[in-house]
Structure formats: C-alpha cells, structure tokens
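Okay, model_1.txt is below, compact mmCIF, C-alpha atoms and all ligand atoms:
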```txt
# COMPACT_ATOMS: atom_id res chain seq x y z
CA MET A 1 0.00 0.00 0.00
CA GLY A 2 1.57 3.26 -1.10
CA ALA A 3 1.42 6.55 0.73
CA VAL A 4 -1.74 8.07 -0.68
CA SER A 5 -2.30 10.96 1.66
CA PHE A 6 -5.08 13.28 0.76
CA SER A 7 -4.07 15.55 -2.08
CA LYS A 8 -7.33 16.90 -3.42
CA ALA A 9 -8.34 20.54 -3.65
CA SER A 10 -10.01 21.59 -0.42
CA VAL A 11 -13.05 23.79 0.02
CA ARG A 12 -10.89 25.75 2.47
CA ASP A 13 -8.87 27.01 -0.48
CA ALA A 14 -11.80 27.69 -2.83
CA ASP A 15 -12.72 31.23 -3.83
CA VAL A 16 -16.48 31.11 -3.31
CA ALA A 17 -17.60 34.66 -2.49
CA GLY A 18 -20.61 35.58 -4.61
CA LYS A 19 -20.59 32.16 -6.28
CA ARG A 20 -23.22 29.45 -6.40
CA VAL A 21 -21.82 26.24 -4.95
CA LEU A 22 -23.37 22.82 -5.49
CA VAL A 23 -22.60 20.75 -2.39
CA ARG A 24 -23.11 16.98 -2.48
CA VAL A 25 -23.94 16.02 1.11
CA ASP A 26 -24.87 12.69 2.65
CA PHE A 27 -28.27 13.36 4.17
CA ASN A 28 -29.31 9.73 3.85
CA VAL A 29 -30.80 9.72 7.34
CA PRO A 30 -33.34 7.41 8.98
CA LEU A 31 -36.89 8.80 8.98
CA ASP A 32 -39.64 8.00 11.44
CA ALA A 33 -43.21 9.12 10.77
CA GLY A 34 -42.03 11.86 8.42
CA ARG A 35 -39.38 13.21 10.78
CA VAL A 36 -35.62 12.78 10.92
CA ALA A 37 -34.95 10.06 13.50
CA ASP A 38 -31.17 10.55 13.68
CA ASP A 39 -29.58 13.79 12.46
CA THR A 40 -25.93 12.70 12.86
CA ARG A 41 -25.24 12.92 9.15
CA ILE A 42 -26.84 16.36 8.87
CA ARG A 43 -24.74 17.65 11.76
CA ALA A 44 -21.61 16.16 10.17
CA ALA A 45 -22.11 18.39 7.10
CA LEU A 46 -22.58 21.62 9.09
CA PRO A 47 -18.91 22.70 9.17
CA THR A 48 -18.72 22.78 5.36
CA ILE A 49 -22.12 24.44 5.02
CA GLU A 50 -21.25 27.08 7.61
CA LEU A 51 -17.83 27.75 6.10
CA LEU A 52 -19.38 28.35 2.67
CA ARG A 53 -22.11 30.61 4.03
CA GLU A 54 -19.60 32.67 6.03
CA ARG A 55 -17.57 33.14 2.88
CA GLY A 56 -20.50 34.50 0.94
CA ALA A 57 -21.45 31.54 -1.24
CA ALA A 58 -25.03 30.68 -2.19
CA LEU A 59 -25.50 26.98 -1.49
CA VAL A 60 -27.32 24.38 -3.53
CA LEU A 61 -27.35 21.17 -1.50
CA VAL A 62 -27.97 17.77 -3.05
CA SER A 63 -28.28 14.33 -1.44
CA HIS A 64 -29.93 10.98 -1.86
CA LEU A 65 -32.34 9.54 0.70
CA GLY A 66 -33.14 5.83 0.67
CA ARG A 67 -33.64 3.94 -2.57
CA PRO A 68 -36.45 5.46 -4.65
CA LYS A 69 -34.97 3.73 -7.73
CA GLY A 70 -35.22 6.64 -10.18
CA LYS A 71 -38.86 7.50 -9.44
CA VAL A 72 -40.47 10.21 -7.35
CA ASP A 73 -41.51 8.73 -4.01
CA PRO A 74 -43.14 11.31 -1.70
CA ALA A 75 -42.21 9.19 1.34
CA LEU A 76 -38.55 9.81 0.47
CA SER A 77 -38.82 13.57 -0.10
CA MET A 78 -35.99 15.67 1.37
CA ARG A 79 -38.54 17.96 3.07
CA PRO A 80 -38.12 16.64 6.63
CA VAL A 81 -34.36 16.79 6.15
CA GLY A 82 -34.55 20.43 5.03
CA GLU A 83 -36.66 21.27 8.06
CA ARG A 84 -34.15 19.69 10.43
CA LEU A 85 -31.25 21.39 8.65
CA GLY A 86 -33.02 24.73 9.02
CA GLU A 87 -33.36 24.15 12.77
CA LEU A 88 -29.69 23.24 13.10
CA LEU A 89 -28.51 26.19 11.00
CA GLY A 90 -30.95 28.65 12.52
CA ALA A 91 -31.64 29.82 8.98
CA THR A 92 -34.21 29.33 6.27
CA VAL A 93 -33.57 26.36 4.04
CA HIS A 94 -35.37 26.76 0.73
CA GLN A 95 -36.69 23.49 -0.65
CA ALA A 96 -36.69 22.79 -4.36
CA PRO A 97 -39.71 20.97 -5.85
CA ALA A 98 -37.42 18.79 -8.01
CA VAL A 99 -33.77 17.91 -8.50
CA VAL A 100 -33.12 19.75 -11.77
CA GLY A 101 -35.10 21.63 -14.41
CA GLU A 102 -36.39 25.10 -15.17
CA ASP A 103 -38.19 25.74 -11.88
CA VAL A 104 -35.10 24.77 -9.95
CA GLU A 105 -32.88 26.93 -12.17
CA THR A 106 -35.17 29.89 -11.49
CA MET A 107 -34.90 29.30 -7.73
CA VAL A 108 -31.11 29.04 -7.98
CA ALA A 109 -30.94 32.29 -9.93
CA GLY A 110 -32.77 34.03 -7.09
CA LEU A 111 -30.32 32.95 -4.37
CA SER A 112 -28.28 35.57 -2.50
CA PRO A 113 -24.94 34.99 -0.73
CA GLY A 114 -25.53 32.87 2.38
CA ASP A 115 -28.80 31.40 1.09
CA VAL A 116 -29.33 27.65 1.22
CA LEU A 117 -31.42 25.69 -1.27
CA LEU A 118 -31.96 21.95 -0.81
CA LEU A 119 -32.71 20.00 -3.98
CA GLU A 120 -35.12 17.07 -3.98
CA ASN A 121 -33.85 13.51 -3.49
CA VAL A 122 -31.28 13.04 -6.25
CA ARG A 123 -32.27 9.38 -6.65
CA PHE A 124 -35.71 10.48 -7.87
CA GLU A 125 -33.79 10.88 -11.14
CA PRO A 126 -32.84 7.68 -12.99
CA GLY A 127 -29.77 9.47 -14.36
CA GLU A 128 -28.21 9.67 -10.90
CA THR A 129 -27.13 6.07 -10.36
CA GLU A 130 -26.48 5.64 -14.10
CA ASP A 131 -24.06 8.58 -13.97
CA ASP A 132 -25.94 9.85 -17.03
CA PRO A 133 -24.06 12.69 -18.79
CA ASN A 134 -27.23 14.68 -19.54
CA PHE A 135 -28.29 14.57 -15.92
CA ALA A 136 -24.79 15.52 -14.78
CA ASP A 137 -24.97 18.48 -17.21
CA ALA A 138 -28.29 19.53 -15.69
CA LEU A 139 -26.79 19.43 -12.19
CA ALA A 140 -23.74 21.38 -13.32
CA ARG A 141 -25.98 24.14 -14.72
CA LEU A 142 -27.10 24.90 -11.16
CA ALA A 143 -23.73 26.15 -9.91
CA ASP A 144 -20.34 27.74 -10.54
CA LEU A 145 -18.44 25.19 -8.51
CA TYR A 146 -18.88 21.88 -6.80
CA VAL A 147 -17.98 20.57 -3.35
CA ASN A 148 -18.26 16.91 -2.38
CA ASP A 149 -18.82 16.39 1.34
CA ALA A 150 -20.71 13.10 0.99
CA PHE A 151 -18.08 10.66 2.17
CA GLY A 152 -20.73 7.96 2.69
CA ALA A 153 -21.53 8.04 -1.04
CA ALA A 154 -18.00 8.58 -2.36
CA HIS A 155 -17.58 4.92 -3.34
CA ARG A 156 -20.38 5.34 -5.89
CA ALA A 157 -19.72 6.62 -9.42
CA HIS A 158 -23.00 8.50 -9.68
CA ALA A 159 -23.87 11.76 -11.42
CA SER A 160 -23.91 13.80 -8.20
CA THR A 161 -20.71 12.25 -6.84
CA GLU A 162 -18.65 11.82 -9.97
CA GLY A 163 -20.22 13.08 -13.21
CA VAL A 164 -20.78 16.62 -12.02
CA ALA A 165 -17.27 16.81 -10.56
CA HIS A 166 -15.88 16.58 -14.09
CA ARG A 167 -18.03 19.51 -15.22
CA LEU A 168 -17.26 22.14 -12.55
CA PRO A 169 -14.23 23.15 -10.49
CA ALA A 170 -14.47 20.41 -7.85
CA TYR A 171 -13.37 20.57 -4.21
CA ALA A 172 -13.39 18.25 -1.20
CA GLY A 173 -15.59 19.27 1.71
CA LEU A 174 -14.30 19.35 5.28
CA LEU A 175 -16.01 16.12 6.33
CA LEU A 176 -14.86 14.16 3.29
CA GLU A 177 -11.32 15.38 3.77
CA ARG A 178 -11.30 14.49 7.47
CA GLU A 179 -12.80 11.04 6.84
CA VAL A 180 -10.14 10.18 4.28
CA ASN A 181 -7.35 11.45 6.53
CA GLU A 182 -8.56 9.65 9.67
CA LEU A 183 -9.06 6.34 7.86
CA MET A 184 -5.83 6.50 5.87
CA ARG A 185 -3.92 7.13 9.08
CA VAL A 186 -5.07 3.71 10.33
CA VAL A 187 -3.55 1.94 7.35
CA GLU A 188 -0.56 4.18 6.71
CA SER A 189 0.82 5.11 10.10
CA PRO A 190 -1.00 3.27 12.88
CA GLU A 191 0.44 3.38 16.38
CA PRO A 192 1.18 -0.34 17.05
CA PRO A 193 -0.21 -2.74 17.99
CA LEU A 194 -2.96 -2.36 15.40
CA VAL A 195 -6.03 -4.37 16.38
CA VAL A 196 -8.85 -4.73 13.86
CA VAL A 197 -12.26 -5.91 15.08
CA LEU A 198 -14.61 -7.19 12.40
CA GLY A 199 -18.14 -8.48 12.67
CA GLY A 200 -21.55 -7.99 11.16
CA ALA A 201 -23.35 -10.02 8.62
CA LYS A 202 -21.52 -10.16 5.28
CA VAL A 203 -18.06 -11.64 4.90
CA SER A 204 -17.97 -10.88 1.19
CA ASP A 205 -18.18 -7.12 1.88
CA LYS A 206 -15.42 -7.27 4.46
CA VAL A 207 -13.00 -9.91 3.29
CA GLY A 208 -11.05 -7.34 1.29
CA VAL A 209 -10.36 -5.56 4.54
CA ILE A 210 -9.17 -8.80 6.16
CA ASP A 211 -6.81 -9.29 3.24
CA CYS A 212 -5.37 -5.85 3.55
CA PHE A 213 -5.03 -5.96 7.34
CA LEU A 214 -3.38 -9.40 7.41
CA GLU A 215 -0.36 -7.50 6.07
CA ILE A 216 -0.35 -4.63 8.54
CA ALA A 217 -2.40 -5.49 11.66
CA ASP A 218 -1.08 -7.31 14.72
CA SER A 219 -4.39 -9.03 15.28
CA ILE A 220 -7.79 -9.33 13.64
CA LEU A 221 -10.65 -10.23 15.96
CA ILE A 222 -13.64 -11.76 14.22
CA GLY A 223 -17.14 -11.91 15.65
CA GLY A 224 -20.67 -11.44 14.34
CA ALA A 225 -22.24 -13.75 11.81
CA MET A 226 -18.97 -13.43 9.94
CA CYS A 227 -17.25 -15.95 12.21
CA PHE A 228 -19.53 -18.75 11.00
CA SER A 229 -18.06 -18.64 7.52
CA PHE A 230 -14.70 -19.22 9.17
CA PHE A 231 -16.01 -22.04 11.38
CA ARG A 232 -17.65 -23.69 8.37
CA ALA A 233 -14.32 -23.38 6.52
CA GLN A 234 -12.66 -25.14 9.48
CA GLY A 235 -15.23 -27.96 9.35
CA ILE A 236 -16.94 -26.90 12.59
CA ALA A 237 -20.72 -27.39 12.84
CA THR A 238 -22.59 -24.09 12.55
CA GLY A 239 -26.18 -25.33 13.07
CA ASP A 240 -28.71 -22.82 11.81
CA SER A 241 -26.33 -19.86 12.10
CA LEU A 242 -26.27 -17.28 9.36
CA VAL A 243 -23.57 -18.49 6.97
CA GLU A 244 -22.81 -16.78 3.73
CA GLU A 245 -21.82 -19.55 1.26
CA GLU A 246 -19.63 -17.24 -0.80
CA GLY A 247 -18.03 -16.20 2.49
CA VAL A 248 -16.89 -19.75 3.31
CA ARG A 249 -14.56 -19.86 0.33
CA LEU A 250 -13.24 -16.39 1.16
CA ALA A 251 -12.75 -17.39 4.78
CA GLU A 252 -10.77 -20.47 3.70
CA GLU A 253 -8.42 -18.25 1.73
CA ALA A 254 -8.08 -15.78 4.59
CA LEU A 255 -7.24 -18.63 7.00
CA ARG A 256 -4.60 -19.91 4.60
CA ARG A 257 -3.04 -16.47 4.17
CA ALA A 258 -3.13 -15.87 7.91
CA GLU A 259 -0.77 -18.84 8.41
CA ASP A 260 2.01 -17.01 6.58
CA ALA A 261 1.15 -13.55 7.83
CA ASP A 262 2.56 -11.96 10.93
CA CYS A 263 -0.95 -11.33 12.17
CA GLU A 264 -3.11 -13.28 14.55
CA LEU A 265 -6.62 -14.08 13.31
CA MET A 266 -8.69 -14.50 16.47
CA LEU A 267 -12.02 -16.30 16.29
CA PRO A 268 -14.55 -16.71 19.12
CA VAL A 269 -13.95 -19.45 21.69
CA ASP A 270 -17.52 -19.46 22.99
CA LEU A 271 -20.93 -18.29 21.78
CA VAL A 272 -24.42 -17.29 22.81
CA LEU A 273 -27.01 -19.37 20.97
CA GLY A 274 -30.65 -18.72 20.21
CA GLU A 275 -33.34 -20.83 18.60
CA GLY A 276 -34.55 -17.98 16.41
CA PHE A 277 -33.73 -14.40 15.51
CA ASP A 278 -35.94 -12.70 18.08
CA ALA A 279 -35.59 -11.35 21.58
CA ALA A 280 -38.05 -13.82 23.15
CA THR A 281 -36.38 -16.94 21.72
CA ALA A 282 -34.80 -19.69 23.82
CA ARG A 283 -31.22 -18.69 24.63
CA ARG A 284 -28.18 -20.46 26.01
CA GLU A 285 -24.47 -19.94 26.34
CA SER A 286 -22.27 -22.57 24.76
CA ASP A 287 -18.81 -23.38 26.00
CA GLY A 288 -17.08 -23.91 22.67
CA VAL A 289 -18.14 -22.92 19.20
CA GLU A 290 -20.01 -25.91 17.79
CA VAL A 291 -23.59 -24.99 17.08
CA PRO A 292 -26.13 -27.85 17.14
CA ASP A 293 -28.93 -28.07 14.58
CA GLY A 294 -31.97 -26.07 15.61
CA TRP A 295 -29.79 -23.33 17.14
CA MET A 296 -28.03 -20.29 15.75
CA GLY A 297 -25.03 -18.40 17.07
CA LEU A 298 -26.27 -14.88 17.79
CA ASP A 299 -23.45 -13.40 19.88
CA ILE A 300 -19.90 -14.04 21.01
CA GLY A 301 -19.72 -15.60 24.47
CA PRO A 302 -18.33 -14.04 27.67
CA ARG A 303 -14.91 -15.71 27.44
CA THR A 304 -14.49 -14.39 23.91
CA ALA A 305 -15.62 -10.94 24.98
CA ALA A 306 -12.96 -11.01 27.73
CA VAL A 307 -10.21 -12.03 25.28
CA PHE A 308 -11.27 -9.36 22.78
CA THR A 309 -11.47 -6.74 25.55
CA GLU A 310 -7.92 -7.53 26.59
CA ALA A 311 -6.59 -7.24 23.04
CA ILE A 312 -8.37 -3.91 22.55
CA ALA A 313 -7.06 -2.56 25.87
CA ALA A 314 -3.47 -3.37 24.85
CA ALA A 315 -3.76 -1.83 21.37
CA GLY A 316 -2.14 1.34 20.06
CA THR A 317 -4.72 1.66 17.30
CA VAL A 318 -8.15 0.02 17.06
CA LEU A 319 -10.36 -0.16 14.00
CA TRP A 320 -13.82 -1.61 14.60
CA ASN A 321 -16.33 -2.46 11.88
CA GLY A 322 -19.31 -4.73 12.43
CA PRO A 323 -21.23 -5.74 15.56
CA MET A 324 -20.28 -8.93 17.44
CA GLY A 325 -23.83 -10.27 17.40
CA ALA A 326 -27.47 -9.46 16.91
CA PHE A 327 -27.12 -6.43 19.22
CA GLU A 328 -30.59 -5.14 18.26
CA LEU A 329 -31.95 -8.00 20.38
CA GLU A 330 -31.13 -7.30 24.03
CA PRO A 331 -30.39 -10.98 24.95
CA PHE A 332 -27.69 -11.00 22.26
CA ALA A 333 -26.19 -7.52 22.76
CA ALA A 334 -23.62 -8.29 25.49
CA GLY A 335 -20.72 -9.12 23.14
CA THR A 336 -21.16 -5.98 21.08
CA ARG A 337 -21.56 -3.95 24.27
CA ALA A 338 -18.33 -5.40 25.69
CA VAL A 339 -16.41 -4.53 22.53
CA ALA A 340 -17.95 -1.05 22.41
CA GLU A 341 -16.98 -0.46 26.05
CA ALA A 342 -13.46 -1.77 25.44
CA VAL A 343 -13.04 0.50 22.41
CA ALA A 344 -14.39 3.48 24.36
CA ALA A 345 -12.07 2.80 27.31
CA SER A 346 -8.95 1.97 25.30
CA PRO A 347 -6.06 4.46 25.38
CA ALA A 348 -5.51 3.58 21.71
CA THR A 349 -6.48 5.72 18.75
CA THR A 350 -9.93 4.33 18.02
CA VAL A 351 -11.82 4.44 14.74
CA VAL A 352 -15.28 2.96 14.21
CA GLY A 353 -17.04 2.55 10.87
CA GLY A 354 -20.15 0.79 9.61
CA GLY A 355 -23.74 1.93 10.01
CA ASP A 356 -24.76 -0.75 12.48
CA SER A 357 -21.57 -0.58 14.55
CA VAL A 358 -22.02 3.16 14.90
CA ALA A 359 -25.69 2.64 15.78
CA ALA A 360 -24.57 0.18 18.49
CA LEU A 361 -22.07 2.71 19.87
CA ARG A 362 -24.82 5.31 20.07
CA GLN A 363 -27.25 2.85 21.62
CA PHE A 364 -24.71 2.32 24.41
CA GLY A 365 -24.03 6.07 24.70
CA LEU A 366 -20.35 5.64 23.82
CA ALA A 367 -19.97 7.45 20.49
CA GLU A 368 -18.35 10.49 22.15
CA LYS A 369 -15.61 8.28 23.61
CA VAL A 370 -14.24 7.16 20.26
CA ASP A 371 -11.63 9.18 18.36
CA TRP A 372 -13.26 8.96 14.96
CA VAL A 373 -16.74 7.73 14.11
CA SER A 374 -16.96 7.35 10.35
CA THR A 375 -20.16 8.38 8.57
CA GLY A 376 -19.37 5.95 5.76
CA GLY A 377 -19.90 2.19 5.89
CA GLY A 378 -19.14 0.87 2.42
CA ALA A 379 -17.01 3.89 1.55
CA SER A 380 -14.82 3.44 4.63
CA LEU A 381 -14.26 -0.26 3.87
CA GLU A 382 -13.35 0.42 0.26
CA LEU A 383 -10.95 3.16 1.27
CA LEU A 384 -9.30 0.94 3.90
CA GLU A 385 -8.90 -1.81 1.30
CA GLY A 386 -6.92 0.62 -0.82
CA LYS A 387 -9.61 1.00 -3.48
CA LYS A 388 -10.01 4.32 -5.21
CA LEU A 389 -13.26 6.11 -4.42
CA PRO A 390 -14.80 7.61 -7.59
CA GLY A 391 -16.26 10.55 -5.67
CA VAL A 392 -12.80 11.44 -4.37
CA GLU A 393 -10.83 10.66 -7.52
CA ALA A 394 -13.03 12.97 -9.62
CA LEU A 395 -12.13 16.04 -7.51
CA ASP A 396 -9.51 18.53 -8.67
CA ALA A 397 -5.96 17.78 -7.50
P1 LIG B 401 -22.04 -2.58 9.83
O1 LIG B 401 -23.27 -1.83 9.35
O2 LIG B 401 -21.53 -2.08 11.14
O3 LIG B 401 -20.97 -2.67 8.78
P2 LIG B 401 -23.20 -5.10 9.07
O4 LIG B 401 -24.23 -4.38 8.29
O5 LIG B 401 -22.18 -5.88 8.34
O6 LIG B 401 -22.49 -4.10 10.10
O7 LIG B 401 -23.92 -6.14 10.05
C1 LIG B 401 -24.85 -5.73 11.01
C2 LIG B 401 -25.90 -6.77 11.22
O8 LIG B 401 -25.30 -8.02 11.51
C3 LIG B 401 -26.78 -6.47 12.39
O9 LIG B 401 -28.10 -6.29 11.92
C4 LIG B 401 -26.70 -7.69 13.28
O10 LIG B 401 -27.95 -8.12 13.80
C5 LIG B 401 -26.19 -8.73 12.32
N1 LIG B 401 -25.49 -9.82 13.03
C6 LIG B 401 -24.36 -9.73 13.74
N2 LIG B 401 -24.04 -10.92 14.24
C7 LIG B 401 -25.00 -11.80 13.84
C8 LIG B 401 -25.23 -13.17 14.02
N3 LIG B 401 -24.38 -13.92 14.75
N4 LIG B 401 -26.30 -13.73 13.43
C9 LIG B 401 -27.15 -12.99 12.70
N5 LIG B 401 -27.00 -11.67 12.49
C10 LIG B 401 -25.92 -11.08 13.05
MG MG B 402 -24.92 -2.43 8.13
```

Turn the structure described in the file into structure tokens.
Amino acid sequence: MGAVSFSKASVRDADVAGKRVLVRVDFNVPLDAGRVADDTRIRAALPTIELLRERGAALVLVSHLGRPKGKVDPALSMRPVGERLGELLGATVHQAPAVVGEDVETMVAGLSPGDVLLLENVRFEPGETEDDPNFADALARLADLYVNDAFGAAHRAHASTEGVAHRLPAYAGLLLEREVNELMRVVESPEPPLVVVLGGAKVSDKVGVIDCFLEIADSILIGGAMCFSFFRAQGIATGDSLVEEEGVRLAEEALRRAEDADCELMLPVDLVLGEGFDAATARRESDGVEVPDGWMGLDIGPRTAAVFTEAIAAAGTVLWNGPMGAFELEPFAAGTRAVAEAVAASPATTVVGGGDSVAALRQFGLAEKVDWVSTGGGASLELLEGKKLPGVEALDA
C-alpha cells in the first residue's frame, strides 16, 4: 500500500464569495413518521455548510435519501431533512420541488450569498445512479463550482458524486477530507499494535479488509455472523447460524493467508445461541463454538468478549467495523456492548465505521468516547482496502 495521503483541492482554499456552490452532502438519514430520526449525518455536514455561508457563497445542497430507484416517491422527499437542517442552522432552508429543471434553475438564480437551497432527493432521477451525462450536465448548470462532502456516497460513481465533478471546479468538503485522513492514518501510520475488530453479517463485503489488514495489523478479531463462515471453513458445525456460502470460500483463503502472515486471526472461543432471531427466543451460552442443529449463534460468548477486551485494551490503534452479534436483540447484545466499552475505554487511537456498529455505539451512549466515528460504511471499507473512491478521484488535484 503506497502513501496516498489526501491531495485533493479543499473547500478551504476555494474562492467562493458571490458564487453558487453545489454541495453533495450525505443526508441519507433514517426517517420515522415523516421526521428525521437521527440527524448525525446532517450535523456532520454543518462545518462545510457554515464555512461556505460565512464566505458568501449561495449553497445548492444535493443528497440521496433511501432507494427510490429513479422514481419520485413522496415518502422519500428531502422535506423533513430540510426542516431539520433549518433548525440546526438557525436559517431558512429553501426546498426545491425537483432535482433539476427550469423551476429549480429559477430558484437558484434568485439565491443571495448565504442562502441555502436543498434539492429534492437526487435518486428520484434515474440518471443519478447511471451517472448519465445529460443529468450531470443539468446538475452542473445549477452552480459555478462543486464541493463533495458526501463521504458515505464517495464509493459510488454516480452523477452527483462523480459526473458533475468533471463539469465544474471540484473541491473536497471538510467532512470528506477528514474522513479520508482519519481512515488513511489507520492503514498508513498506525500506532502499534494495530487491532482490527470485524463483525456484522456479510463476509464478502469485508473480506477485502481482512486481506489488507493481514499485512499490517497485529491481530484481527472476528465476531458477528462473519465468524460462522470461518467455522464452516474449518469444518466446525454451525447449526442454523447465518452463513454466507460465498463467504466460506473467502474465509478459507483468509485462514490460509493468515498462516504465513505476521498477524493473529482470532475467532470466538464461545458463543451465545438462540433458537430464532428474536428477543423472546430460547437462549443459552455454549462453551465452545459448535452450534447444534436447531440453534443459531447470535453473539460471542463471555470468554471471547474477555479475550477481545484484553486485546483492545493493549492496542495502540483500534479499527472496529461490524457488531459482534445481533445487538438489536437485548439478549444478544452483550458481546457488542463489551467490545464497544473496550473500544471506548482503550487508550488507543480508536476508529469505528459501519452503520450498524455506529448505531450500536450510540445505543450504548459511547460514540463520544471514540476518536473517529466514520459516517461511511461501504465507503470506509473500500478506502481501507486501498480502493479508489470515484467521488474522491473525480475532484480537482
Ligand atoms: P455494519 O453496518 O456495522 O458494517 P453489518 O451491516 O455488516 O455491520 O452487520 C450488522 C448486522 O449483523 C446487524 O443487523 C446484526 O444483527 C447482524 N449480526 C451480527 N451478528 C449476527 C449473528 N451472529 N447472526 C445474525 N446476524 C448477526
Ligand atoms: Mg450495516
């Protein structure tokens, strides 16, 4: 892995006074009964928005929300997001009736320095995910320059993350820049020992990270449903546990590579089993990791949690992605809670990524105790793997 420190043009250096700036933000927030249920991602974009307003830019904000699949879906309108943003900014947020088009262009033309206009959900337009050149042109017509602050969407080559960046002077926003720097520090200059904790549901999404960290980490701790692909690869019975078939082959390879690597791959030594995926199901702790038929492994056991806690406490740098079990179900949350507490208490530099892992941290009230909480799940994994993010690559150097 080469030294690829962040070298893109920063919004801090952009001359924006009196200009219209199209800002791609990640306002893909959870909604509940037409209101924003968690405004973390909106708050994360405030520094860039405030900087641009202070410098006299007129802002045109654009984001996706959910998966409307190229069609207008009133349930996924940006309206509630604009309302919450207005409260946080203490300023009026104008809401566009569409993403692009004449009406929107008229609204943009009427903006004064410091004004904020929020476009409709960019995924109402089929051209967005297709990175359609005509749609990218239509977006570009709305502004003089472009800022990408949507780290969570930077791994997508879409019109609002990539296409438009090739059509306007294109800068990195403060959040995007910070995300890239914090995550790259983990792979490029981690304080040793580097301990990587991986869990969650899909091995195939995360095996690239295992690959990359086998080279540079001192240990990789594996929990969550992910561990069952490894157990299956080792010929251990997994009962009714969630096993991703594709993941078994990948786990076999990772186990083989781990033998030659100077990195310890640590799997659970005990588990918490449940009969079904619900909070009221029969539950028991198993000493050992064999799972009988009729049962599924839904959490790491207490001995594993203790071993993982110890490794995290002794680390110089910790990267955590993926819960240790079905933490949404209280009877199976203890392993994830133990890891979250260990990460929060560790003197190490601690970085947490992944939507559900971050949700777990918040659920336990520990998000403030971690050095960097990434707003990007998929984007953070791809960056850590050394992949190029289209939304970053497309920015001016
Ligand atoms: P993140 O969003 O942090 O990257 P993932 O999306 O990969 O994490 O995985 C989170 C999901 O994994 C959670 O919904 C959790 O319930 C589930 N999960 C974790 N461990 C298990 C398990 N042993 N069996 C079934 N589901 C699990
Ligand atoms: Mg997730």

Rank A:Glu290, A:Glu328, A:Asp132, A:Asp115 by their smallest atom-to-atom distance to ligand MG 402 (chain B), using all atoms listed in the file, and report the top residue only.
-> A:Glu328

Residues within 9 Å of ligand MG 402 (chain B) should be enumerated using all atoms listed in the file and returned as a list in words.
-> Gly200, Ala201, Lys202, Gly322, Pro323, Gly354, Gly355, Asp356, Ser357, Gly377 and Gly378 of chain A

May I have the selected residues written with C-alpha atoms, as a PDB file, keeping the file's coordinate frame?
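Saved the output as result_23.pdb:
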```
ATOM      1  CA  GLY A 200     -21.550  -7.990  11.160  1.00  0.00           C
ATOM      2  CA  ALA A 201     -23.350 -10.020   8.620  1.00  0.00           C
ATOM      3  CA  LYS A 202     -21.520 -10.160   5.280  1.00  0.00           C
ATOM      4  CA  GLY A 322     -19.310  -4.730  12.430  1.00  0.00           C
ATOM      5  CA  PRO A 323     -21.230  -5.740  15.560  1.00  0.00           C
ATOM      6  CA  GLY A 354     -20.150   0.790   9.610  1.00  0.00           C
ATOM      7  CA  GLY A 355     -23.740   1.930  10.010  1.00  0.00           C
ATOM      8  CA  ASP A 356     -24.760  -0.750  12.480  1.00  0.00           C
ATOM      9  CA  SER A 357     -21.570  -0.580  14.550  1.00  0.00           C
ATOM     10  CA  GLY A 377     -19.900   2.190   5.890  1.00  0.00           C
ATOM     11  CA  GLY A 378     -19.140   0.870   2.420  1.00  0.00           C
TER      12      GLY A 378
END
```

Got a sec: who's within 8 Å of A:Pro292, counting all atoms listed in the file, leaving out chain neighbours fewer than 2 positions off, as a count of residues only?
-> 8

With all atoms listed in the file counted, collect every polymer residue having an atom within 9 Å of ligand LIG 401 (chain B); state the result as a ChimeraX atom specification.
-> /A:198-203,205-206,223-228,241-243,271-273,277,296-300,320-329,332,336,352-360,377-378,381

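All polymer residues at most 10 Å from (-13.9, -14.1, 25.1), using only C-alpha atoms, appear as Leu267, Pro268, Val269, Asp270, Leu271, Ile300, Gly301, Pro302, Arg303, Thr304, Ala305, Ala306, Val307, Phe308, Thr309, Glu310, Gly335 and Ala338 of chain A.
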
Ref. answer, residues at most 12 Å from (-6.4, -3.3, 5.4) with all atoms listed in the file, as a ChimeraX atom specification | /A:1,183-188,190,194-198,206-220,263,319-321,380-387

Compile the contact shell of A:Leu111 as number ranges by chain: residues with an atom at most 10 Å away, counting all atoms listed in the file, same-chain residues fewer than 3 positions apart removed.
-> A: 19-20, 57-60, 94, 106-108, 114-117

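Residue nearest A:Asp396, chosen from A:Ala254, A:Val164, A:Ala45, A:Val100 and counting all atoms listed in the file: A:Val164.
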
Can you tell me, as an NGL selection string, what residues are no more than 6 Å from A:Gly70 when counting all atoms listed in the file, ignoring any on the same chain fewer than 4 positions away?
-> :A and (123-126)

All residues 8 Å or closer to A:Pro192, all atoms listed in the file, same chain fewer than 5 positions away omitted, as JSON, numbers by chain = {"A": [218, 315, 316, 317]}

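Computed from the coordinates, the atom CA of A:Ala17 to atom CA of A:Glu179 distance equals 25.8 Å.
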
Point-to-point distance in Å for atom CA of A:His64 and atom CA of A:Val29 = 9.3 Å

Give me the residues within 9 Å of A:Ser160 as a ChimeraX atom specification, counting only C-alpha atoms and dropping any in the same chain fewer than 5 places off.
-> /A:24,62-63,122,128-129,131,135-136,139,148,165,391

Keeping C-alpha atoms for every residue in the selection just given, could you write it to a file as a JSON list (two decimals), keeping the file's coordinate frame?
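Contents of out_36.json, as written:
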```json
[["chain", "number", "residue", "atom", "x", "y", "z"],
["A", 24, "ARG", "CA", -23.11, 16.98, -2.48],
["A", 62, "VAL", "CA", -27.97, 17.77, -3.05],
["A", 63, "SER", "CA", -28.28, 14.33, -1.44],
["A", 122, "VAL", "CA", -31.28, 13.04, -6.25],
["A", 128, "GLU", "CA", -28.21, 9.67, -10.90],
["A", 129, "THR", "CA", -27.13, 6.07, -10.36],
["A", 131, "ASP", "CA", -24.06, 8.58, -13.97],
["A", 135, "PHE", "CA", -28.29, 14.57, -15.92],
["A", 136, "ALA", "CA", -24.79, 15.52, -14.78],
["A", 139, "LEU", "CA", -26.79, 19.43, -12.19],
["A", 148, "ASN", "CA", -18.26, 16.91, -2.38],
["A", 165, "ALA", "CA", -17.27, 16.81, -10.56],
["A", 391, "GLY", "CA", -16.26, 10.55, -5.67]]
```

Per-axis box centre and lengths in Å around stretch 35-45 of chain A, 5 Å margin per side, axis-aligned, as JSON:
```
{"center_x": -30.5, "center_y": 14.2, "center_z": 10.4, "size_x": 27.8, "size_y": 18.3, "size_z": 16.6}
```

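Each of A:Val93, A:Arg141, A:Arg79, A:Ile222 was compared to A:Ala109 using only C-alpha atoms, and A:Arg141 turns out to be the nearest.
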
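Taking atom CA of A:Ser77 and atom CA of A:Val104 as endpoints, the distance between them is 15.4 Å.
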
Which residue of A:Thr40, A:Pro390, A:Ile312, A:Gly56 approaches A:Ser112 most closely, using only C-alpha atoms = A:Gly56

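Each of A:Lys388, A:Ala154, A:Asn121, A:Ala138 was checked against A:Glu105 using all atoms listed in the file; the smallest atom-to-atom distance is that of A:Ala138.
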
If you count all atoms listed in the file, the residue of A:Ala345, A:Gly274, A:Val289, A:Gly163 closest to A:Gln234 turns out to be A:Val289
